[in-house]
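Visitor: Following this message is one structure expressed as structure tokens.
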Amino acid sequence: MSKILVTGSEGYIGMPLMLELINKNEHQLIGVDNNYRMEWVMRCVGKIFTRDLPIPYNSIYGDLTNRDFVNEIIKLHKPDIVIHLASQPSAPYSELNWERALYTQTNNLTMCINLLWGLRENGLQEKTRIIFTSTTGIPGQAYKEIPEDATRNVAGSWYHITKGFDSDNCSLASRQWGQEIIELRTSIVYGIQTELMKTTNQVTRFDTDPYFGTALNRFVKQGLDKEQITVYGKGEQVKPFISLEDTVQSLVNSIDYKTESRHSIFNQMTEHISIKDLAAMVSIATGTKITHISNPRIEKEEWVMNFKNDRFLKLLHRNPKTIQSGISDIVRYFKTTLPYNYKSYTL
């Protein structure tokens, strides 16, 4: 039975992943989270999201930027696998001001370095596999086709740049120490439930605010509120997406997946969708109209983010969920399972 340490174990992806691993009952699980997400959200919108987590596992409250804390949990538990999901994950939040930019950089980079050196100092660098999620935003708009390989770090926010540095630091640890690393460059994740969660009517986060929400979630909220769905500019940007279900499954598959190199990079995405097509899908699902407004962002509106993902699809090893079915699931949940009240349920 492998020991698996999951960081960010109560997060949007972390909680569904823990449920999946508990259900498999094949591993000894240790979850670490500092619950800072609530503080970040409170800073921005003054409301917090809470939910019960009635799942049994060894849950540790702690801050991974604390070197001594990281050393203690690694020395005590000696994990066979580290799944590193913890980070300050919002580009808009990192762009708020000097303080939040510095915090994002310090928080994200320190956590990753502490985990790498914690394994090294405890003699586990050649025994423990690290699985960590970075972002498809690392290469920015520098490639016409983005490979499943190391790329230039030309990310477009103070958050995205941290994940590029994390990737570089992991590559360095792999080259210098023989550290085995699977890096999943995560695209835009959608959904509030996995198939397993549906059986117990559990949900993960559904953020709709400007800082931690996604365009898809914002469109769904507008549609359920019977407001017009607002698309920034032309909406012709094409971006990568993946369902929560496929995100979790690919993380589970990564535990035993045989790789060809010590640092393997996968583009964790299954579909390319334009923003205007995304809005159209939500419009059909909710019966609301679309309107285009001035784009508040400085960006190439016709940019197509084209990712290679052959390697990732082999890792996923099944037919991926479609975003159209994912939108239908979200809308159906709010309309039938939970009386829709985003003020009390979402952010």
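Ligands are numbered from 1 in the order shown, chains are lettered A, B, ... in the order of the structure tokens, and residues start at 1 in each chain.
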Determine, counting only C-alpha atoms, which protein, DNA and RNA residues have an atom within 10 Å of an atom of Val252 (chain A); residues of the same chain fewer than 2 positions away are not included. Present the result as a VMD selection string.
Guide: chain A and resid 17 to 18 20 to 21 24 83 131 246 to 250 254 to 257 315 to 316
Visitor: Next, write the just-selected residues to a file, as a compact mmCIF listing (two decimals), in the first residue's frame, keeping C-alpha atoms as the atom set.
Guide:
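Saved as part.txt:
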# COMPACT_ATOMS: atom_id res chain seq x y z
CA LEU A 17 -9.34 13.57 -5.76
CA MET A 18 -9.31 12.53 -2.09
CA GLU A 20 -11.71 9.07 -5.48
CA LEU A 21 -8.61 7.71 -3.74
CA LYS A 24 -10.35 2.94 -4.36
CA ILE A 83 0.51 15.03 -5.43
CA ILE A 131 2.88 14.64 -9.44
CA ASP A 246 -11.08 13.80 -16.38
CA THR A 247 -8.77 15.98 -14.29
CA VAL A 248 -9.21 13.74 -11.26
CA GLN A 249 -8.96 10.54 -13.28
CA SER A 250 -5.71 11.62 -14.91
CA SER A 254 -0.49 9.25 -12.83
CA ILE A 255 0.21 7.36 -9.61
CA ASP A 256 1.29 4.17 -11.41
CA TYR A 257 1.85 5.48 -14.95
CA LEU A 315 -2.40 8.83 -19.76
CA LEU A 316 -6.14 9.49 -19.43
Visitor: Among region 88-317 of chain A, which ones does DSSP place in alpha helix (DSSP H), written as an MDAnalysis selection string?
Guide: chainID A and resid 91:94 98:121 158:177 195:200 215:224 244:254 275:286 310:316
Visitor: Of the candidates A:Asn107, A:Leu124, A:Ile275, A:Ile13, which one gets nearest to Tyr36 (chain A) if we count only C-alpha atoms?
Guide: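 Between A:Asn107, A:Leu124, A:Ile275, A:Ile13, the residue approaching Tyr36 (chain A) most closely is A:Asn107.
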Visitor: Write out as a PyMOL selection string the residues lying within 9 Å of Val154 (chain A), counting only C-alpha atoms and excluding same-chain residues fewer than 4 positions away.
Guide: chain A and resi 137-142+160-161+164
Visitor: For Leu119 (chain A), list every protein, DNA or RNA residue within 12 Å, evaluated using only C-alpha atoms, and leave out those in the same chain fewer than 2 positions away; present the list as a ChimeraX atom specification.
Guide: /A:5,67,70-82,112-117,121-130,173,177-180
Visitor: Please produce a file of the residues just selected, as a compact mmCIF listing (two decimals), in the first residue's frame, where the atoms kept are N, CA and C atoms.
Guide:
# COMPACT_ATOMS: atom_id res chain seq x y z
N LEU A 5 0.85 11.66 -0.23
CA LEU A 5 0.66 12.97 0.36
C LEU A 5 0.04 13.89 -0.68
N ARG A 67 9.34 25.82 6.20
CA ARG A 67 10.34 24.78 5.92
C ARG A 67 10.33 23.68 6.96
N VAL A 70 7.25 21.35 6.56
CA VAL A 70 7.39 20.43 5.43
C VAL A 70 8.36 19.31 5.76
N ASN A 71 9.47 19.66 6.36
CA ASN A 71 10.46 18.65 6.72
C ASN A 71 9.87 17.64 7.71
N GLU A 72 9.06 18.13 8.63
CA GLU A 72 8.47 17.25 9.65
C GLU A 72 7.52 16.23 9.04
N ILE A 73 6.62 16.69 8.14
CA ILE A 73 5.63 15.75 7.60
C ILE A 73 6.30 14.76 6.64
N ILE A 74 7.32 15.19 5.92
CA ILE A 74 8.01 14.26 5.02
C ILE A 74 8.83 13.25 5.83
N LYS A 75 9.51 13.72 6.85
CA LYS A 75 10.31 12.83 7.70
C LYS A 75 9.43 11.82 8.42
N LEU A 76 8.24 12.25 8.86
CA LEU A 76 7.33 11.38 9.61
C LEU A 76 6.65 10.36 8.72
N HIS A 77 6.12 10.83 7.55
CA HIS A 77 5.28 9.97 6.73
C HIS A 77 6.03 9.27 5.60
N LYS A 78 7.17 9.81 5.17
CA LYS A 78 7.96 9.21 4.08
C LYS A 78 7.06 8.79 2.91
N PRO A 79 6.41 9.75 2.24
CA PRO A 79 5.46 9.40 1.18
C PRO A 79 6.12 8.76 -0.02
N ASP A 80 5.40 7.82 -0.63
CA ASP A 80 5.85 7.23 -1.89
C ASP A 80 5.48 8.13 -3.07
N ILE A 81 4.37 8.86 -2.89
CA ILE A 81 3.87 9.77 -3.93
C ILE A 81 3.52 11.10 -3.27
N VAL A 82 3.90 12.20 -3.89
CA VAL A 82 3.43 13.53 -3.49
C VAL A 82 2.63 14.10 -4.65
N CYS A 112 6.75 24.78 -3.49
CA CYS A 112 7.33 23.79 -4.39
C CYS A 112 8.78 23.48 -4.02
N ILE A 113 9.57 24.52 -3.75
CA ILE A 113 10.97 24.32 -3.38
C ILE A 113 11.08 23.55 -2.07
N ASN A 114 10.20 23.86 -1.11
CA ASN A 114 10.24 23.14 0.17
C ASN A 114 9.95 21.66 -0.02
N LEU A 115 9.00 21.33 -0.87
CA LEU A 115 8.70 19.91 -1.11
C LEU A 115 9.87 19.21 -1.79
N LEU A 116 10.47 19.86 -2.79
CA LEU A 116 11.61 19.26 -3.48
C LEU A 116 12.77 19.03 -2.52
N TRP A 117 13.12 20.05 -1.74
CA TRP A 117 14.25 19.91 -0.83
C TRP A 117 13.91 19.05 0.38
N GLU A 121 16.43 16.19 1.39
CA GLU A 121 17.08 16.16 2.69
C GLU A 121 16.77 14.88 3.47
N ASN A 122 15.64 14.25 3.13
CA ASN A 122 15.26 13.00 3.81
C ASN A 122 15.58 11.76 2.97
N GLY A 123 16.39 11.94 1.95
CA GLY A 123 16.87 10.82 1.15
C GLY A 123 15.81 10.14 0.30
N LEU A 124 14.77 10.88 -0.06
CA LEU A 124 13.65 10.28 -0.80
C LEU A 124 13.59 10.73 -2.26
N GLN A 125 14.57 11.50 -2.71
CA GLN A 125 14.48 12.10 -4.04
C GLN A 125 14.46 11.06 -5.16
N GLU A 126 15.00 9.86 -4.94
CA GLU A 126 14.98 8.83 -5.96
C GLU A 126 13.95 7.74 -5.66
N LYS A 127 13.19 7.91 -4.58
CA LYS A 127 12.19 6.92 -4.18
C LYS A 127 10.76 7.43 -4.32
N THR A 128 10.58 8.74 -4.24
CA THR A 128 9.25 9.33 -4.22
C THR A 128 8.94 9.99 -5.56
N ARG A 129 7.78 9.71 -6.09
CA ARG A 129 7.31 10.36 -7.32
C ARG A 129 6.53 11.61 -6.96
N ILE A 130 6.83 12.72 -7.63
CA ILE A 130 6.06 13.95 -7.48
C ILE A 130 5.12 14.08 -8.68
N ALA A 173 15.60 19.74 -10.29
CA ALA A 173 15.68 18.66 -9.31
C ALA A 173 15.76 17.31 -9.99
N TRP A 177 19.18 15.54 -9.15
CA TRP A 177 19.02 14.53 -8.10
C TRP A 177 18.37 13.23 -8.56
N GLY A 178 17.86 13.20 -9.78
CA GLY A 178 17.13 12.02 -10.22
C GLY A 178 15.71 11.99 -9.73
N GLN A 179 15.17 13.15 -9.30
CA GLN A 179 13.79 13.21 -8.82
C GLN A 179 12.82 12.88 -9.95
N GLU A 180 11.90 11.94 -9.71
CA GLU A 180 10.91 11.57 -10.72
C GLU A 180 9.70 12.48 -10.60
Visitor: With distances taken over only C-alpha atoms, which residue among A:Met15, A:Ile242, A:Ile60, A:Val6 lies nearest His27 (chain A)?
Guide: A:Val6
Visitor: Which residues, written as a list in words, have at least one atom at most 9 Å from Ala279 (chain A), with only C-alpha atoms counted and residues fewer than 2 positions away on the same chain left out?
Guide: Ala215, Leu216, Phe219, Val220, Ile229, Thr230, Val231, Gly235, Ser274, Ile275, Lys276, Asp277, Met281, Val282, Ser283, Ile284 and Ile290 of chain A
Visitor: Near region 148-150 of chain A, counting only C-alpha atoms, which residues have an atom at most 10 Å away, once you skip same-chain residues fewer than 5 positions from it, shown as a count of residues only?
Guide: 22
Visitor: Rounded to one decimal place, report the CA of Leu224 (chain A)-CA of Arg332 (chain A) distance in Å.
Guide: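 Interatomic distance here is 10.4 Å.
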Visitor: Hey, which of A:Asn319, A:Asp63, A:Ser174, A:Thr204 ends up closest to Gly14 (chain A)? Count only C-alpha atoms.
Guide: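 Ranked by minimum distance to Gly14 (chain A), first place goes to A:Thr204.
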Visitor: Could you pull the residues within 8 Å of Arg218 (chain A), counting only C-alpha atoms, minus those fewer than 4 positions along the same chain, as a ChimeraX atom specification?
Guide: /A:208-209,213-214,222
Visitor: Those same residues - C-alpha atoms - I'd like them written as a PDB file, in the first residue's frame.
Guide:
ATOM      1  CA  THR A 208     -18.306  32.967 -10.143  1.00  0.00           C
ATOM      2  CA  ASP A 209     -16.545  36.103  -8.885  1.00  0.00           C
ATOM      3  CA  GLY A 213     -14.357  32.321 -11.061  1.00  0.00           C
ATOM      4  CA  THR A 214     -14.099  31.190 -14.685  1.00  0.00           C
ATOM      5  CA  GLN A 222     -25.900  34.756 -15.657  1.00  0.00           C
TER       6      GLN A 222
END
Visitor: DSSP says strand (DSSP E) for which residues of region 104-165 of chain A? Put them as a list in words?
Guide: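 Checking each residue of region 104-165 of chain A, the strand (DSSP E) ones are Arg129, Ile130, Ile131, Phe132 and Thr133 of chain A.
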Visitor: Between CA of Asn58 (chain A) and CA of Ser243 (chain A), what is the distance in Å, rounded to a tenth?
Guide: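 Going from CA of Asn58 (chain A) over to CA of Ser243 (chain A) covers 27.1 Å.
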Visitor: Taking only C-alpha atoms into account, which of A:Phe212, A:Trp158, A:Phe206, A:Tyr232 comes nearest Phe334 (chain A)?
Guide: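 Going through A:Phe212, A:Trp158, A:Phe206, A:Tyr232 one by one, the smallest distance to Phe334 (chain A) is for A:Phe206.
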